[in-house]
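Undergrad: First, the structure itself, so that you have it in front of you.
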Amino acid sequence: MTAWMRHIGDGLLRVLYPPCCMDCGVRTASPAVPLCPDCVARIERATPKSVADRLSRLAEAEALADARSLWVFDAQGALQSVQHALKYQNQPHIGHTLGRWMADVVPEVWQPDGFVPVPLHRTRWLERGYNQSEALTTGLAEATGIPSRADVLARVRPTASQTGLPRRDRWANVAQAFQAADPEAVADCTWVVVDDVLTTGSTAAAAAHALLDAGAERIYLCTLAMART
Ligand SMILES: [Zn+2]
């Protein structure tokens, strides 16, 4: 299909199925914008202190120099359907918008060399067709001009889903999951690890350890949301 045919097709789809807010249903500017401004304003913002408090409960998270989350994730709230769409309904374009919104909470003093999405293992990537964290880093890169570097970190072994695992088992589950894919590119640089949801921080800490082992100078973390508990 040529580009102009796709363009007309997209326009027609938008007339037939106008993009709408996943929470309240009012029209939004484009299919890439999952929530209207009113619904965005109602989502609880995560404070830097609440994120730091969460990470202070995990010794291994000391590998993270600092961290930010945009929102507090509430299973009953607007974010539930947005996160589901991002993760399971083949809608990476939503991630680009969410990543642009996340850029708001990245402190200027961080001065990173790049955003590193938490990689999926190849089997999970093949199931889903894309990495939702990489969709977020694409948006972060668009908003900040700082590159998205999905190529520097690899998931070297598959891990069981962290969902439902007790806190003490989460670190053991992911501890050896990551490895720098390009140690030369990683060394002496500052990276922001990017993930969709922060729960205990064990996944992000494991990614940070792998980058530091390869000689990275400093690792920060930015997530779309922090789980309430
Ligand atoms: Zn709305």
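Starting from 1 in every chain, residues are counted up; chains themselves are A, B, ... following the order of the structure tokens, and ligands are numbered from 1 as listed.
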What lies within 8 Å of stretch 27-42 of chain A using only C-alpha atoms, ignoring chain neighbours under 6 positions off, as a PyMOL selection string?
TA: chain A and resi 18-21+78+82+93-97
Undergrad: Pull N, CA and C atoms from the residues just selected and write them as an mmCIF file, in the first residue's frame.
TA:
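As a result, selection10.cif now contains:
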```
data_model
loop_
_atom_site.group_PDB
_atom_site.id
_atom_site.type_symbol
_atom_site.label_atom_id
_atom_site.label_comp_id
_atom_site.auth_asym_id
_atom_site.auth_seq_id
_atom_site.Cartn_x
_atom_site.Cartn_y
_atom_site.Cartn_z
ATOM 1 N N PRO A 18 -13.881 7.789 15.462
ATOM 2 C CA PRO A 18 -13.039 8.878 15.955
ATOM 3 C C PRO A 18 -12.312 8.455 17.229
ATOM 4 N N PRO A 19 -11.035 8.880 17.359
ATOM 5 C CA PRO A 19 -10.296 8.495 18.557
ATOM 6 C C PRO A 19 -10.947 9.081 19.793
ATOM 7 N N CYS A 20 -11.003 8.294 20.865
ATOM 8 C CA CYS A 20 -11.635 8.826 22.067
ATOM 9 C C CYS A 20 -10.866 8.434 23.318
ATOM 10 N N CYS A 21 -11.118 9.189 24.369
ATOM 11 C CA CYS A 21 -10.483 8.993 25.667
ATOM 12 C C CYS A 21 -10.865 7.614 26.206
ATOM 13 N N ALA A 78 -8.059 5.231 35.467
ATOM 14 C CA ALA A 78 -7.935 5.441 34.025
ATOM 15 C C ALA A 78 -6.706 4.741 33.450
ATOM 16 N N VAL A 82 -5.325 2.089 29.793
ATOM 17 C CA VAL A 82 -4.225 2.613 28.983
ATOM 18 C C VAL A 82 -3.049 1.634 28.991
ATOM 19 N N HIS A 93 1.847 3.182 19.535
ATOM 20 C CA HIS A 93 1.758 4.643 19.337
ATOM 21 C C HIS A 93 1.274 5.347 20.607
ATOM 22 N N ILE A 94 0.476 4.624 21.425
ATOM 23 C CA ILE A 94 0.057 5.198 22.713
ATOM 24 C C ILE A 94 1.290 5.427 23.588
ATOM 25 N N GLY A 95 2.225 4.482 23.505
ATOM 26 C CA GLY A 95 3.457 4.590 24.293
ATOM 27 C C GLY A 95 4.270 5.823 23.931
ATOM 28 N N HIS A 96 4.248 6.198 22.643
ATOM 29 C CA HIS A 96 4.997 7.395 22.233
ATOM 30 C C HIS A 96 4.436 8.635 22.943
ATOM 31 N N THR A 97 3.098 8.735 22.992
ATOM 32 C CA THR A 97 2.472 9.873 23.685
ATOM 33 C C THR A 97 2.796 9.836 25.176
#
```
Undergrad: Sorted by chain and rising residue number, list the residues of stretch 98-182 of chain A at most 8 Å from stretch 47-70 of chain A (counting only C-alpha atoms), each with its closest atom pair and distance in Å to one decimal, as CSV.
TA:
```
residue,atom,partner,partner_atom,distance
A:Met102,CA,A:Leu70,CA,5.8
A:Val105,CA,A:Leu70,CA,6.3
A:Val106,CA,A:Arg68,CA,6.9
```
Undergrad: Restricting the output to N, CA, C and O atoms, write the selected residues as a compact mmCIF listing (two decimals), in the first residue's frame.
TA:
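Done, and the output landed in result_14.txt:
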```txt
# COMPACT_ATOMS: atom_id res chain seq x y z
N MET A 102 5.99 11.62 30.00
CA MET A 102 6.98 11.27 31.04
C MET A 102 8.15 12.25 31.05
O MET A 102 8.80 12.43 32.08
N VAL A 105 8.85 14.73 33.92
CA VAL A 105 9.38 14.44 35.25
C VAL A 105 10.87 14.06 35.24
O VAL A 105 11.43 13.73 36.27
N VAL A 106 11.49 14.11 34.06
CA VAL A 106 12.93 13.82 34.00
C VAL A 106 13.69 15.10 34.37
O VAL A 106 13.63 16.09 33.65
```
Undergrad: Report as a VMD selection string: the residues of stretch 12-123 of chain A with a DSSP assignment of strand (DSSP E or B), based on the backbone of this structure.
TA: chain A and resid 20 27 45 66 to 73 114 to 117
Undergrad: For the interface of stretch 77-158 of chain A with stretch 185-195 of chain A (cut-off 8 Å, counting only C-alpha atoms), please tabulate each contacting residue of stretch 77-158 of chain A alongside its nearest pair of atoms and their separation in Å to one decimal, rows sorted by chain and increasing number, as CSV.
TA:
```
residue,atom,partner,partner_atom,distance
A:Gln111,CA,A:Thr190,CA,7.5
A:Pro112,CA,A:Thr190,CA,4.9
A:Asp113,CA,A:Thr190,CA,5.4
A:Gly114,CA,A:Trp191,CA,5.4
A:Phe115,CA,A:Val192,CA,4.8
A:Val116,CA,A:Val193,CA,4.8
A:Pro117,CA,A:Val194,CA,4.7
A:Val118,CA,A:Asp195,CA,5.8
A:Ser133,CA,A:Asp195,CA,5.1
A:Glu134,CA,A:Val194,CA,7.9
A:Leu136,CA,A:Val194,CA,7.4
A:Thr137,CA,A:Val194,CA,6.7
A:Val152,CA,A:Val186,CA,6.5
```
Undergrad: I need the residues of stretch 14-218 of chain A that end up classed as helix (DSSP H, G or I) by DSSP on the backbone, written out as a ChimeraX atom specification.
TA: /A:14-16,37-42,48-55,59-63,78-88,92-105,108-110,122-128,132-144,167-174,183-186,202-213
Undergrad: Please provide the set of residues having any atom within 10 Å of A:Ala103, restricted to only C-alpha atoms, with same-chain residues fewer than 3 positions apart removed, written as a PyMOL selection string.
TA: chain A and resi 70+98-100+106-108+136-137+139-144+222+224
Undergrad: Since we have the selection now, will you write its residues out, keeping all heavy atoms, as a compact mmCIF listing (two decimals), in the first residue's frame?
TA:
```
# COMPACT_ATOMS: atom_id res chain seq x y z
N LEU A 70 5.90 9.04 36.69
CA LEU A 70 4.94 10.09 36.37
C LEU A 70 3.69 9.97 37.24
O LEU A 70 3.27 10.94 37.86
CB LEU A 70 4.57 10.00 34.88
CG LEU A 70 3.49 10.96 34.36
CD1 LEU A 70 3.87 12.42 34.61
CD2 LEU A 70 3.24 10.73 32.87
N LEU A 98 2.66 8.65 25.79
CA LEU A 98 2.93 8.53 27.22
C LEU A 98 4.40 8.88 27.51
O LEU A 98 4.70 9.55 28.51
CB LEU A 98 2.63 7.11 27.71
CG LEU A 98 1.16 6.68 27.59
CD1 LEU A 98 1.02 5.18 27.87
CD2 LEU A 98 0.26 7.48 28.54
N GLY A 99 5.29 8.46 26.64
CA GLY A 99 6.71 8.78 26.81
C GLY A 99 6.95 10.29 26.75
O GLY A 99 7.73 10.84 27.52
N ARG A 100 6.23 10.97 25.83
CA ARG A 100 6.37 12.43 25.76
C ARG A 100 5.91 13.07 27.05
O ARG A 100 6.50 14.03 27.54
CB ARG A 100 5.61 12.99 24.55
CG ARG A 100 6.35 12.77 23.24
CD ARG A 100 5.83 13.70 22.14
NE ARG A 100 4.45 13.39 21.80
CZ ARG A 100 4.10 12.46 20.91
NH1 ARG A 100 5.04 11.76 20.29
NH2 ARG A 100 2.84 12.22 20.65
N VAL A 106 11.49 14.11 34.06
CA VAL A 106 12.93 13.82 34.00
C VAL A 106 13.69 15.10 34.37
O VAL A 106 13.63 16.09 33.65
CB VAL A 106 13.36 13.35 32.59
CG1 VAL A 106 14.87 13.17 32.51
CG2 VAL A 106 12.65 12.04 32.22
N PRO A 107 14.40 15.10 35.52
CA PRO A 107 15.09 16.32 35.93
C PRO A 107 16.19 16.73 34.94
O PRO A 107 16.89 15.86 34.41
CB PRO A 107 15.72 15.94 37.28
CG PRO A 107 14.95 14.75 37.74
CD PRO A 107 14.55 14.02 36.50
N GLU A 108 16.31 18.03 34.73
CA GLU A 108 17.32 18.50 33.77
C GLU A 108 18.74 18.15 34.20
O GLU A 108 19.62 17.92 33.38
CB GLU A 108 17.19 20.01 33.56
CG GLU A 108 16.51 20.33 32.24
CD GLU A 108 16.43 21.82 31.99
OE1 GLU A 108 17.48 22.48 32.06
OE2 GLU A 108 15.31 22.30 31.73
N LEU A 136 7.82 3.78 25.05
CA LEU A 136 7.96 4.93 25.96
C LEU A 136 9.25 5.70 25.68
O LEU A 136 9.24 6.94 25.65
CB LEU A 136 7.93 4.47 27.42
CG LEU A 136 6.64 3.78 27.90
CD1 LEU A 136 6.81 3.27 29.34
CD2 LEU A 136 5.44 4.72 27.83
N THR A 137 10.37 4.98 25.47
CA THR A 137 11.64 5.70 25.23
C THR A 137 11.61 6.44 23.90
O THR A 137 12.25 7.48 23.76
CB THR A 137 12.89 4.77 25.26
OG1 THR A 137 12.78 3.77 24.25
CG2 THR A 137 13.09 4.14 26.61
N GLY A 139 9.03 8.04 22.74
CA GLY A 139 8.37 9.31 23.08
C GLY A 139 9.27 10.22 23.89
O GLY A 139 9.32 11.43 23.66
N LEU A 140 10.00 9.63 24.84
CA LEU A 140 10.94 10.42 25.65
C LEU A 140 12.00 11.06 24.75
O LEU A 140 12.36 12.23 24.93
CB LEU A 140 11.62 9.52 26.68
CG LEU A 140 10.85 9.29 27.99
CD1 LEU A 140 11.34 8.04 28.69
CD2 LEU A 140 11.00 10.50 28.92
N ALA A 141 12.49 10.29 23.77
CA ALA A 141 13.51 10.80 22.87
C ALA A 141 12.95 11.93 22.00
O ALA A 141 13.61 12.95 21.79
CB ALA A 141 14.05 9.67 21.99
N GLU A 142 11.71 11.76 21.53
CA GLU A 142 11.07 12.81 20.72
C GLU A 142 10.95 14.10 21.52
O GLU A 142 11.18 15.20 21.00
CB GLU A 142 9.67 12.36 20.29
CG GLU A 142 9.65 11.37 19.14
CD GLU A 142 8.27 10.75 18.94
OE1 GLU A 142 7.28 11.22 19.54
OE2 GLU A 142 8.21 9.78 18.18
N ALA A 143 10.58 13.98 22.80
CA ALA A 143 10.33 15.18 23.61
C ALA A 143 11.61 15.86 24.07
O ALA A 143 11.62 17.07 24.28
CB ALA A 143 9.47 14.81 24.83
N THR A 144 12.68 15.10 24.26
CA THR A 144 13.87 15.67 24.88
C THR A 144 15.04 15.84 23.90
O THR A 144 16.00 16.56 24.21
CB THR A 144 14.38 14.76 26.02
OG1 THR A 144 14.72 13.47 25.46
CG2 THR A 144 13.33 14.59 27.11
N CYS A 222 13.26 6.00 35.17
CA CYS A 222 12.01 6.73 34.96
C CYS A 222 10.94 5.74 34.53
O CYS A 222 11.13 4.97 33.58
CB CYS A 222 12.20 7.81 33.88
SG CYS A 222 10.75 8.88 33.70
N LEU A 224 6.57 5.05 33.86
CA LEU A 224 5.28 5.70 33.60
C LEU A 224 4.48 5.81 34.89
O LEU A 224 3.88 6.84 35.17
CB LEU A 224 4.50 4.87 32.57
CG LEU A 224 3.08 5.34 32.27
CD1 LEU A 224 3.09 6.70 31.60
CD2 LEU A 224 2.36 4.31 31.40
```
